[in-house]
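Undergrad: This is protein-v8.tsv, which holds TSV, C-alpha atoms:
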```tsv
chain	number	residue	atom	x	y	z
A	13	ILE	CA	87.78	46.73	143.92
A	14	MET	CA	85.43	49.33	142.51
A	15	SER	CA	84.66	49.74	138.82
A	16	VAL	CA	87.48	47.57	137.51
A	17	LYS	CA	86.27	44.79	135.26
A	18	PHE	CA	88.73	42.13	134.19
A	19	ARG	CA	88.54	40.54	130.78
A	20	GLU	CA	90.36	37.55	129.41
A	21	ASP	CA	92.86	37.85	126.58
A	22	LYS	CA	92.79	34.29	125.26
A	23	LYS	CA	95.43	34.93	122.62
A	24	ASN	CA	98.05	36.02	125.16
A	25	LYS	CA	96.64	33.89	127.98
A	26	SER	CA	96.33	36.87	130.30
A	27	LEU	CA	93.84	39.28	131.83
A	28	TYR	CA	93.33	42.96	131.06
A	29	THR	CA	91.29	45.96	132.12
A	30	THR	CA	90.97	49.57	131.04
A	31	VAL	CA	91.14	52.49	133.49
A	32	ASN	CA	90.80	56.11	132.35
A	33	GLY	CA	91.53	55.06	128.78
A	34	LYS	CA	94.71	53.15	129.69
A	35	ARG	CA	94.92	49.39	129.25
A	36	TYR	CA	96.54	47.22	131.93
A	37	THR	CA	97.55	43.62	131.22
A	38	GLY	CA	98.80	40.88	133.50
A	39	LYS	CA	98.73	37.18	134.26
A	40	THR	CA	96.72	37.70	137.44
A	41	LYS	CA	94.34	40.28	138.91
A	42	GLU	CA	96.89	41.08	141.61
A	43	ILE	CA	99.53	42.01	139.02
A	44	ILE	CA	97.08	44.29	137.21
A	45	ILE	CA	95.97	45.97	140.44
A	46	GLN	CA	99.61	46.66	141.35
A	47	LYS	CA	100.20	48.19	137.90
A	48	ILE	CA	97.20	50.46	138.41
A	49	LYS	CA	98.60	51.53	141.79
A	50	ASP	CA	102.02	52.10	140.27
A	51	ASN	CA	100.44	54.39	137.70
A	52	GLY	CA	98.72	56.47	140.37
A	53	SER	CA	95.10	55.67	139.43
A	54	ILE	CA	94.39	54.32	142.87
A	55	THR	CA	90.80	55.57	143.23
A	56	SER	CA	89.74	53.16	140.48
A	57	ILE	CA	90.47	50.25	142.80
A	58	ILE	CA	89.96	51.78	146.27
A	59	PRO	CA	87.10	54.18	147.12
A	60	VAL	CA	88.25	57.66	148.14
A	61	SER	CA	86.44	57.27	151.44
A	62	LYS	CA	88.67	54.30	152.29
A	63	LEU	CA	92.03	55.55	150.98
A	64	THR	CA	94.63	55.60	153.74
A	65	VAL	CA	98.02	57.24	154.17
A	66	LYS	CA	99.59	53.81	153.65
A	67	ASP	CA	97.84	53.59	150.26
A	68	ALA	CA	99.29	56.97	149.38
A	69	PHE	CA	102.83	55.79	150.20
A	70	GLU	CA	102.37	52.60	148.16
A	71	CYS	CA	101.12	54.69	145.25
A	72	PHE	CA	103.77	57.40	145.48
A	73	LEU	CA	106.95	55.29	145.80
A	74	PRO	CA	106.71	53.66	142.32
A	75	TYR	CA	106.33	57.14	140.84
A	76	ALA	CA	109.29	58.46	142.86
A	77	LYS	CA	111.47	55.55	141.74
A	78	ASN	CA	111.23	56.71	138.14
A	79	ASN	CA	111.17	60.47	138.68
A	80	VAL	CA	113.68	61.40	141.40
A	81	SER	CA	117.37	60.72	141.91
A	82	PRO	CA	118.37	57.30	143.30
A	83	THR	CA	119.53	58.90	146.55
A	84	SER	CA	116.27	60.80	147.04
A	85	TYR	CA	114.29	57.64	146.33
A	86	ALA	CA	116.38	55.66	148.82
A	87	ASN	CA	115.85	58.41	151.40
A	88	TYR	CA	112.09	58.35	150.78
A	89	LYS	CA	111.96	54.60	151.30
A	90	GLY	CA	114.08	54.91	154.44
A	91	TYR	CA	111.94	57.67	155.93
A	92	ILE	CA	108.72	55.76	155.28
A	93	LYS	CA	110.04	52.41	156.49
A	94	ASN	CA	111.98	53.61	159.54
A	95	HIS	CA	109.91	56.56	160.75
A	96	LEU	CA	106.36	56.33	159.40
A	97	ASP	CA	105.54	52.76	158.43
A	98	ASP	CA	107.53	50.69	160.91
A	99	GLU	CA	105.51	47.49	161.29
A	100	HIS	CA	106.89	46.92	164.81
A	101	SER	CA	106.55	50.51	166.02
A	102	PRO	CA	104.56	52.69	163.59
A	103	PHE	CA	104.50	56.47	163.92
A	104	MET	CA	101.54	57.40	166.12
A	105	VAL	CA	99.27	60.44	166.12
A	106	ASP	CA	96.68	60.56	168.91
A	107	ASP	CA	97.40	56.89	169.73
A	108	LYS	CA	96.66	55.83	166.16
A	109	PRO	CA	99.21	54.85	163.48
A	110	LEU	CA	99.53	57.63	160.91
A	111	ILE	CA	99.44	55.10	158.06
A	112	ASN	CA	95.92	54.08	159.10
A	113	TYR	CA	94.45	57.58	158.84
A	114	LYS	CA	92.10	58.11	155.92
A	115	ILE	CA	93.17	60.80	153.48
A	116	VAL	CA	89.71	62.39	153.47
A	117	ASP	CA	90.00	62.89	157.24
A	118	LEU	CA	93.16	65.01	156.97
A	119	ASN	CA	92.53	68.66	157.80
A	120	ASP	CA	94.38	71.71	159.13
A	121	HIS	CA	94.06	70.60	162.73
A	122	LEU	CA	95.28	67.06	162.07
A	123	MET	CA	98.15	68.25	159.87
A	124	GLU	CA	99.38	70.42	162.75
A	125	LYS	CA	99.12	67.45	165.10
A	126	ILE	CA	101.19	65.31	162.73
A	127	LEU	CA	103.94	67.92	162.60
A	128	LYS	CA	103.98	68.33	166.39
A	129	ALA	CA	104.12	64.56	166.84
A	130	LEU	CA	107.09	64.36	164.48
A	131	LYS	CA	108.94	66.99	166.48
A	132	LYS	CA	108.43	64.88	169.61
A	133	ALA	CA	109.22	61.57	167.88
A	134	LYS	CA	110.93	58.84	169.88
A	135	HIS	CA	113.81	58.85	167.41
A	136	ASN	CA	114.85	62.36	168.51
A	137	LEU	CA	114.89	63.58	164.94
A	138	SER	CA	116.77	66.72	163.99
A	139	PRO	CA	114.67	69.75	162.90
A	140	THR	CA	115.85	69.26	159.32
A	141	THR	CA	114.93	65.57	159.29
A	142	VAL	CA	111.50	66.36	160.74
A	143	ILE	CA	110.83	68.73	157.86
A	144	HIS	CA	112.10	66.23	155.30
A	145	ILE	CA	109.76	63.53	156.63
A	146	TYR	CA	106.79	65.89	156.96
A	147	ASN	CA	107.26	67.22	153.42
A	148	LEU	CA	107.59	63.66	152.11
A	149	PHE	CA	104.28	62.82	153.77
A	150	LYS	CA	102.65	65.85	152.14
A	151	THR	CA	104.24	65.04	148.77
A	152	ALA	CA	102.77	61.52	148.81
A	153	ILE	CA	99.30	62.83	149.67
A	154	THR	CA	99.54	65.56	147.02
A	155	TYR	CA	100.63	63.03	144.39
A	156	VAL	CA	97.54	60.90	145.04
A	157	TYR	CA	95.37	64.03	144.98
A	158	ASN	CA	96.81	65.24	141.66
A	159	GLU	CA	96.47	61.84	140.00
A	160	ASN	CA	92.88	61.41	141.20
A	161	ARG	CA	91.67	64.98	141.71
A	162	ARG	CA	88.26	64.28	140.19
A	163	GLU	CA	87.47	62.20	143.24
A	164	PHE	CA	88.72	64.69	145.86
A	165	VAL	CA	87.11	67.85	147.18
A	166	VAL	CA	90.30	69.45	148.49
A	167	ASN	CA	93.97	68.73	149.04
A	168	PRO	CA	94.67	69.13	152.80
A	169	CYS	CA	98.36	69.79	152.10
A	170	GLU	CA	97.60	73.08	150.34
A	171	SER	CA	96.53	74.74	153.57
A	172	LYS	CA	98.77	77.55	154.83
A	173	ARG	CA	98.75	75.95	158.25
A	174	ALA	CA	100.21	72.78	156.70
A	175	ARG	CA	103.24	74.60	155.30
A	176	VAL	CA	106.60	74.35	156.97
A	177	SER	CA	110.07	75.41	155.97
A	178	ARG	CA	113.49	74.39	157.19
A	179	PRO	CA	114.83	76.76	159.83
A	180	LYS	CA	117.68	78.83	158.45
A	181	LYS	CA	120.95	78.67	160.28
A	182	GLN	CA	124.23	80.44	159.76
A	183	VAL	CA	127.06	78.06	159.08
A	184	TRP	CA	130.16	78.18	161.24
A	185	CYS	CA	133.30	79.04	159.31
A	186	PRO	CA	136.78	78.58	160.79
A	187	ASP	CA	139.26	81.40	160.36
A	188	LYS	CA	142.36	81.19	158.18
A	189	ALA	CA	144.80	80.66	161.02
A	190	LEU	CA	142.86	77.73	162.45
A	191	VAL	CA	142.41	76.10	159.03
A	192	ASN	CA	146.13	76.39	158.25
A	193	GLU	CA	147.03	74.94	161.66
A	194	VAL	CA	144.65	72.01	161.22
A	195	LEU	CA	145.72	71.23	157.65
A	196	LYS	CA	149.38	71.32	158.69
A	197	ALA	CA	148.61	68.90	161.51
A	198	VAL	CA	146.79	66.61	159.07
A	199	ASP	CA	149.89	66.53	156.87
A	200	ASP	CA	152.22	66.01	159.84
A	201	TYR	CA	150.35	63.31	161.74
A	202	CYS	CA	147.99	61.53	159.34
A	203	ASN	CA	148.44	58.95	156.60
A	204	PRO	CA	148.71	60.26	153.01
A	205	ASP	CA	145.21	59.07	152.06
A	206	ASN	CA	143.56	60.75	155.06
A	207	ALA	CA	145.60	63.90	154.43
A	208	LEU	CA	144.68	64.08	150.74
A	209	TYR	CA	141.01	63.49	151.53
A	210	THR	CA	141.02	66.35	154.04
A	211	ASN	CA	142.80	68.70	151.63
A	212	LEU	CA	140.35	67.93	148.82
A	213	CYS	CA	137.51	68.82	151.19
A	214	SER	CA	139.27	72.14	151.78
A	215	LEU	CA	138.98	72.82	148.01
A	216	GLY	CA	135.19	73.02	148.22
A	217	LEU	CA	134.32	69.40	147.51
A	218	ARG	CA	131.68	67.77	149.66
A	219	SER	CA	132.94	64.82	151.69
A	220	SER	CA	130.49	62.53	149.87
A	221	GLU	CA	132.00	63.66	146.56
A	222	VAL	CA	135.62	63.06	147.60
A	223	SER	CA	135.47	59.47	148.87
A	224	PRO	CA	134.14	57.91	145.61
A	225	LEU	CA	136.60	59.69	143.30
A	226	LYS	CA	138.58	57.65	140.79
A	227	ILE	CA	141.97	58.41	139.24
A	228	SER	CA	140.24	58.92	135.89
A	229	ASP	CA	138.20	61.80	137.36
A	230	PHE	CA	141.26	64.05	137.38
A	231	TYR	CA	142.16	66.00	134.23
A	232	PHE	CA	145.67	67.32	134.62
A	233	ASN	CA	146.40	67.94	130.92
A	234	SER	CA	143.59	70.46	130.54
A	235	PRO	CA	144.59	74.15	130.19
A	236	LYS	CA	142.95	74.53	133.61
A	237	PRO	CA	143.39	71.26	135.58
A	238	PHE	CA	140.17	70.10	137.19
A	239	VAL	CA	138.43	67.18	138.86
A	240	LYS	CA	135.13	65.96	137.43
A	241	ILE	CA	132.50	64.86	139.93
A	242	THR	CA	129.86	62.44	138.70
A	243	ARG	CA	129.10	60.32	141.76
A	244	VAL	CA	128.49	60.59	145.50
A	245	GLN	CA	128.79	58.14	148.37
A	246	THR	CA	125.63	57.72	150.44
A	247	LEU	CA	124.37	55.43	153.17
A	248	TYR	CA	122.81	53.41	150.38
A	249	GLY	CA	125.94	53.05	148.25
A	250	ILE	CA	127.52	54.94	145.35
A	251	ARG	CA	125.05	57.06	143.36
A	252	TYR	CA	125.64	58.63	139.97
A	253	ASN	CA	124.62	61.89	138.29
A	254	GLU	CA	122.50	63.42	141.02
A	255	LEU	CA	124.24	66.70	141.70
A	256	LYS	CA	122.44	69.34	143.74
A	257	ASN	CA	122.81	71.93	140.98
A	258	GLY	CA	120.74	69.72	138.68
A	259	GLU	CA	123.55	69.15	136.19
A	260	GLN	CA	124.95	65.78	135.15
A	261	GLU	CA	128.56	66.70	135.90
A	262	ARG	CA	130.43	69.12	138.12
A	263	PHE	CA	133.92	70.47	137.55
A	264	VAL	CA	136.15	71.88	140.29
A	265	TYR	CA	139.31	73.61	139.15
A	266	LEU	CA	142.57	72.75	140.89
A	267	GLY	CA	145.61	74.87	141.70
A	268	LEU	CA	149.21	73.86	140.94
A	269	LYS	CA	149.99	72.72	144.49
A	270	ALA	CA	146.89	70.51	144.58
A	271	VAL	CA	147.79	69.03	141.19
A	272	GLU	CA	151.32	68.15	142.29
A	273	ARG	CA	150.04	66.65	145.53
A	274	ILE	CA	147.49	64.45	143.76
A	275	LYS	CA	149.97	63.38	141.07
A	276	SER	CA	152.43	62.30	143.74
A	277	TYR	CA	149.75	60.33	145.59
A	278	ILE	CA	148.36	58.47	142.53
A	279	LYS	CA	151.74	57.57	141.04
A	280	GLY	CA	151.62	53.92	139.98
A	281	MET	CA	147.83	53.60	140.42
A	282	LYS	CA	145.58	52.47	137.56
A	283	SER	CA	143.25	55.02	135.96
A	284	ASN	CA	140.10	53.05	136.85
A	285	SER	CA	141.13	52.64	140.51
A	286	TRP	CA	139.36	54.34	143.39
A	287	LEU	CA	141.35	57.24	144.80
A	288	PHE	CA	140.76	55.82	148.28
A	289	PRO	CA	140.24	52.05	147.85
A	290	SER	CA	138.74	50.17	150.77
A	291	LYS	CA	141.01	47.72	152.55
A	292	MET	CA	138.03	45.76	153.85
A	293	LYS	CA	135.67	45.62	150.84
A	294	ALA	CA	136.91	44.70	147.39
A	295	ASN	CA	136.18	47.07	144.52
A	296	LEU	CA	134.71	49.73	146.80
A	297	PRO	CA	136.06	53.06	148.12
A	298	ARG	CA	136.70	53.79	151.78
A	299	SER	CA	133.90	55.28	153.84
A	300	ASN	CA	133.73	58.96	154.74
A	301	HIS	CA	133.70	57.99	158.41
A	302	GLY	CA	137.07	56.28	158.27
A	303	LEU	CA	138.69	59.04	156.22
A	304	VAL	CA	137.46	61.73	158.60
A	305	LYS	CA	138.38	59.78	161.73
A	306	GLY	CA	141.93	59.17	160.53
A	307	GLY	CA	142.32	62.67	159.17
A	308	LEU	CA	140.59	65.78	160.55
A	309	LYS	CA	139.50	64.26	163.88
A	310	LYS	CA	142.91	62.75	164.55
A	311	ALA	CA	144.67	66.03	163.80
A	312	LEU	CA	142.30	68.07	165.97
A	313	LYS	CA	142.85	65.70	168.88
A	314	ILE	CA	146.65	65.78	168.58
A	315	ILE	CA	146.88	69.59	168.53
A	316	GLY	CA	144.17	70.03	171.16
A	317	LYS	CA	141.73	71.95	168.96
A	318	GLU	CA	138.67	69.68	169.26
A	319	GLN	CA	136.73	72.31	171.21
A	320	ASP	CA	137.64	75.10	168.78
A	321	TRP	CA	136.38	73.22	165.71
A	322	LYS	CA	132.58	73.52	165.70
A	323	GLY	CA	131.60	70.82	163.22
A	324	GLY	CA	133.10	68.20	160.95
A	325	VAL	CA	135.06	68.11	157.72
A	326	HIS	CA	132.27	70.06	155.97
A	327	CYS	CA	133.49	73.20	157.74
A	328	LEU	CA	136.46	73.18	155.35
A	329	ARG	CA	133.98	73.65	152.52
A	330	HIS	CA	132.52	76.64	154.37
A	331	TYR	CA	136.00	78.10	154.67
A	332	TYR	CA	136.62	77.55	150.97
A	333	ALA	CA	133.34	79.32	150.14
A	334	SER	CA	134.31	82.31	152.27
A	335	VAL	CA	137.67	82.53	150.48
A	336	ILE	CA	136.30	82.43	146.93
A	337	ILE	CA	133.65	85.03	147.81
A	338	GLU	CA	136.38	87.26	149.22
A	339	VAL	CA	138.57	86.73	146.14
A	340	ALA	CA	135.67	87.53	143.82
A	341	MET	CA	135.08	90.79	145.67
A	342	GLN	CA	138.73	91.83	145.81
A	343	GLU	CA	139.45	90.94	142.19
A	344	LYS	CA	136.11	92.37	141.05
A	345	LYS	CA	135.18	89.08	139.39
A	346	SER	CA	131.66	87.98	138.54
A	347	PHE	CA	129.93	86.01	141.28
A	348	LYS	CA	128.28	83.78	138.67
A	349	TRP	CA	131.14	81.26	138.64
A	350	ILE	CA	130.97	80.69	142.42
A	351	PRO	CA	127.83	78.47	142.44
A	352	LYS	CA	129.36	76.21	139.78
A	353	GLN	CA	132.56	75.81	141.78
A	354	LEU	CA	130.52	74.94	144.88
A	355	GLY	CA	127.96	72.80	143.05
A	356	HIS	CA	125.01	75.03	143.95
A	357	LYS	CA	121.97	75.43	141.75
A	358	ASN	CA	122.29	79.20	141.56
A	359	LEU	CA	123.86	82.24	143.19
A	360	ALA	CA	120.83	82.71	145.45
A	361	THR	CA	121.60	79.39	147.14
A	362	THR	CA	125.20	80.41	147.69
A	363	MET	CA	124.28	83.78	149.17
A	364	GLU	CA	121.57	82.29	151.39
A	365	ILE	CA	124.12	79.95	152.97
A	366	TYR	CA	127.23	82.12	152.92
A	367	GLY	CA	125.98	85.69	152.62
A	368	HIS	CA	126.75	86.40	156.28
A	369	LEU	CA	130.43	85.67	155.61
A	370	ILE	CA	130.71	88.80	153.49
A	371	THR	CA	132.19	91.56	155.61
A	372	ALA	CA	129.68	94.32	156.28
A	373	ASP	CA	130.94	97.59	154.81
A	374	ASP	CA	127.92	99.83	154.46
A	375	ASP	CA	129.13	102.98	156.25
A	376	ASP	CA	129.78	104.87	153.05
A	377	ILE	CA	127.90	102.67	150.60
A	378	GLY	CA	125.55	105.47	149.58
A	379	ASP	CA	128.45	107.69	148.50
A	380	VAL	CA	130.09	104.80	146.62
A	381	ILE	CA	126.92	103.99	144.69
A	382	GLU	CA	126.29	107.66	143.92
A	383	ALA	CA	129.84	108.07	142.61
A	384	SER	CA	129.41	105.03	140.37
A	385	LEU	CA	126.06	106.26	139.05
A	386	TYR	CA	127.18	109.72	138.03
A	387	SER	CA	130.89	109.44	137.33
```
Would you mind giving the structure from this file in structure tokens?

TA:
Amino acid sequence: IMSVKFREDKKNKSLYTTVNGKRYTGKTKEIIIQKIKDNGSITSIIPVSKLTVKDAFECFLPYAKNNVSPTSYANYKGYIKNHLDDEHSPFMVDDKPLINYKIVDLNDHLMEKILKALKKAKHNLSPTTVIHIYNLFKTAITYVYNENRREFVVNPCESKRARVSRPKKQVWCPDKALVNEVLKAVDDYCNPDNALYTNLCSLGLRSSEVSPLKISDFYFNSPKPFVKITRVQTLYGIRYNELKNGEQERFVYLGLKAVERIKSYIKGMKSNSWLFPSKMKANLPRSNHGLVKGGLKKALKIIGKEQDWKGGVHCLRHYYASVIIEVAMQEKKSFKWIPKQLGHKNLATTMEIYGHLITADDDDIGDVIEASLYS
């Protein structure tokens, strides 16, 4: 411990200290030190020259717990525990655990080595996961730097050579004929719950949004019937109010056929019931895995289209996106409503993912624009 001096508070029978004008109180020195760490002022208790990557993680996670969504926080903890800070098999860089590296020793060269080591990790991580983990590592280091910048000369994560972005990929979108064939097979060969789940995914809902729906999430008496999405199912349980578009709630409008189908399915069910209640776990919804296995995958296998379908149930969302973009173009409707229907943050996100689905038609575009400008 560096400059921290503990004093006794006889009235409250506790100890206290002041760091950067902030008072910390606790029954023991250990409790106070943890509070200081949780607040980010780690250089007041550990010299900068001795700060390690592990210290950065321990300092960053309490901050993340209170400032990011529950799912993101759970993912952060999982990435650190399972990929970077595994006590039995820690992530190694040049035969040394990454968590033992000192922050002051991080530089452009070492940052590149860390990224390369992640790409060759024993866990065979996907390119997207590699970037998530690498950016989490940089975020933790940057947090410590920002909270204690008086003590640091430079933030190694600000280097251009330390930057990395997720590789862009064009999503695969099934054509209309294939989607219709698959959805018909789902209705013909699958149980009603698996069939409804699959059809809701074809209306643009993410699979993680469909499985934790409740009967009360459907609003059929509205002028425009819709389903309200306020929770998602993750590997770490049901999470609330953490939509990707940053809003607290998401509304997806439903057509008449969808409304009638859902009404028929939920007949006799209580309003607070899960739409797809688990048969194995009380008071919990079914898992995405089971709903997909007994729905889309079963149908594809029966009709012999497993090789034609290049992905999972999420491809139905891609198809839905292509349809609403096409409808917006044909009906000359504003594109601004599309991100809301898909749950995207903005139109730029939608176009980045689905822009390639728009049919190219630029042969006479110059004449069309000119006519619009001067007519």

Undergrad: Set the distance at 7 Å and use all atoms listed in the file: which residues neighbour Gly38 (chain A) once local chain neighbours fewer than 2 positions away are removed? I'd like the list as an MDAnalysis selection string.

TA: chainID A and resid 26:28 36 40 43:44

Undergrad: Pick the closest to Ile126 (chain A) from A:Lys108, A:Lys66, A:Arg162, A:Lys317: which is it, counting all atoms listed in the file?

TA: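 Of the candidates, the smallest distance to Ile126 (chain A) is held by A:Lys108.
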
Undergrad: Skip Ala197 (chain A) itself and residues of its chain fewer than 6 positions away, then list as a VMD selection string all residues within 8 Å of it, counting all atoms listed in the file.

TA: chain A and resid 311 to 312 314 to 315

Undergrad: Using all atoms listed in the file, can you tell me which of A:Leu148, A:Ile58, A:Val191, A:Val183 comes closest to Gly90 (chain A)?

TA: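 Result for the nearest residue to Gly90 (chain A): A:Leu148.
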
Undergrad: Counting all atoms listed in the file, what is within 7 Å of Val244 (chain A), bar same-chain residues fewer than 5 positions away, as a PyMOL selection string?

TA: chain A and resi 220-221+224+250-252

Undergrad: Within 8 Å of region 323-340 of chain A, which residues of region 140-259 of chain A come that close, and what is the closest atom pair and distance in Å for each? Count only C-alpha atoms and give it as JSON lines.

TA:
```
{"residue": "A:Val183", "atom": "CA", "partner": "A:His330", "partner_atom": "CA", "distance": 7.3}
{"residue": "A:Trp184", "atom": "CA", "partner": "A:Cys327", "partner_atom": "CA", "distance": 6.9}
{"residue": "A:Cys185", "atom": "CA", "partner": "A:Tyr331", "partner_atom": "CA", "distance": 5.5}
{"residue": "A:Pro186", "atom": "CA", "partner": "A:Tyr331", "partner_atom": "CA", "distance": 6.2}
{"residue": "A:Asp187", "atom": "CA", "partner": "A:Tyr331", "partner_atom": "CA", "distance": 7.3}
{"residue": "A:Lys188", "atom": "CA", "partner": "A:Tyr331", "partner_atom": "CA", "distance": 7.9}
{"residue": "A:Val191", "atom": "CA", "partner": "A:Leu328", "partner_atom": "CA", "distance": 7.6}
{"residue": "A:Thr210", "atom": "CA", "partner": "A:Val325", "partner_atom": "CA", "distance": 7.2}
{"residue": "A:Cys213", "atom": "CA", "partner": "A:Leu328", "partner_atom": "CA", "distance": 6.1}
{"residue": "A:Ser214", "atom": "CA", "partner": "A:Leu328", "partner_atom": "CA", "distance": 4.7}
{"residue": "A:Leu215", "atom": "CA", "partner": "A:Tyr332", "partner_atom": "CA", "distance": 6.1}
{"residue": "A:Gly216", "atom": "CA", "partner": "A:Arg329", "partner_atom": "CA", "distance": 4.5}
{"residue": "A:Leu217", "atom": "CA", "partner": "A:Arg329", "partner_atom": "CA", "distance": 6.6}
{"residue": "A:Arg218", "atom": "CA", "partner": "A:His326", "partner_atom": "CA", "distance": 6.7}
{"residue": "A:Ser219", "atom": "CA", "partner": "A:His326", "partner_atom": "CA", "distance": 6.8}
```

Undergrad: Give me, please, the distance in Å between CA of Thr151 (chain A) and CA of Ala76 (chain A), quoted to one decimal.

TA: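 Interatomic distance, CA of Thr151 (chain A) to CA of Ala76 (chain A): 10.2 Å.
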
Undergrad: Could you check the closest approach to Met281 (chain A) for each of A:Tyr265, A:Lys352, A:Asn233, A:Ser228 and tell me which residue wins, using all atoms listed in the file?

TA: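 That would be A:Ser228, the residue with the smallest distance to Met281 (chain A).
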
Undergrad: Using only C-alpha atoms, what residues lie at most 7 Å away from (147.8, 63.4, 150.3) (file coordinates), given as a PyMOL selection string?

TA: chain A and resi 204-209+273-274+277

Undergrad: Please determine, counting all atoms listed in the file, which residue among A:Ala133, A:Ile92, A:Ala174, A:Ala152 has the shortest atom-to-atom distance to His121 (chain A).

TA: A:Ala174

Undergrad: For CA of Gly52 (chain A) and CA of Glu159 (chain A), quote the distance in Å rounded to one decimal.

TA: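 For CA of Gly52 (chain A) relative to CA of Glu159 (chain A), the distance reads 5.8 Å.
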
Undergrad: Have a look at CA of Tyr201 (chain A) and CA of Glu318 (chain A) and let me know their distance in Å, one decimal.

TA: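 One can read the CA of Tyr201 (chain A) to CA of Glu318 (chain A) distance as 15.3 Å.
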
Undergrad: Measuring atom to atom with all atoms listed in the file, identify which of A:Arg161, A:Asn300, A:Gln46, A:Glu193 is nearest to Trp321 (chain A).

TA: A:Glu193

Undergrad: Do you know which residues are at most 12 Å from Ile278 (chain A) counting all atoms listed in the file, after dropping those on the same chain fewer than 2 positions away, and could you put them as number ranges by chain?

TA: A: 204-205, 208, 225-230, 271-276, 280-289

Undergrad: Which of these, A:Lys77, A:Lys25, A:His100, A:Lys62, has the shortest distance to Asn112 (chain A) once you count only C-alpha atoms?

TA: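 Selected residue with least distance to Asn112 (chain A): A:Lys62.
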
Undergrad: Can you pull out every residue within 12 Å of Asn119 (chain A), counting all atoms listed in the file, but drop anything in the same chain fewer than 5 positions away, and send it as a list in words?

TA: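 So, after excluding close chain neighbours, the residues are Tyr113, Lys114, Glu124, Lys125, Ile126, Lys150, Val165, Val166, Asn167, Pro168, Cys169, Glu170, Ser171, Lys172, Arg173 and Ala174 of chain A.
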
Undergrad: Can I get the selection written as an mmCIF file, in the coordinates of the input, with C-alpha atoms?

TA:
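Dumped everything to part14.cif:
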```cif
data_model
loop_
_atom_site.group_PDB
_atom_site.id
_atom_site.type_symbol
_atom_site.label_atom_id
_atom_site.label_comp_id
_atom_site.auth_asym_id
_atom_site.auth_seq_id
_atom_site.Cartn_x
_atom_site.Cartn_y
_atom_site.Cartn_z
ATOM 1 C CA TYR A 113 94.450 57.580 158.840
ATOM 2 C CA LYS A 114 92.100 58.110 155.920
ATOM 3 C CA GLU A 124 99.380 70.420 162.750
ATOM 4 C CA LYS A 125 99.120 67.450 165.100
ATOM 5 C CA ILE A 126 101.190 65.310 162.730
ATOM 6 C CA LYS A 150 102.650 65.850 152.140
ATOM 7 C CA VAL A 165 87.110 67.850 147.180
ATOM 8 C CA VAL A 166 90.300 69.450 148.490
ATOM 9 C CA ASN A 167 93.970 68.730 149.040
ATOM 10 C CA PRO A 168 94.670 69.130 152.800
ATOM 11 C CA CYS A 169 98.360 69.790 152.100
ATOM 12 C CA GLU A 170 97.600 73.080 150.340
ATOM 13 C CA SER A 171 96.530 74.740 153.570
ATOM 14 C CA LYS A 172 98.770 77.550 154.830
ATOM 15 C CA ARG A 173 98.750 75.950 158.250
ATOM 16 C CA ALA A 174 100.210 72.780 156.700
#
```
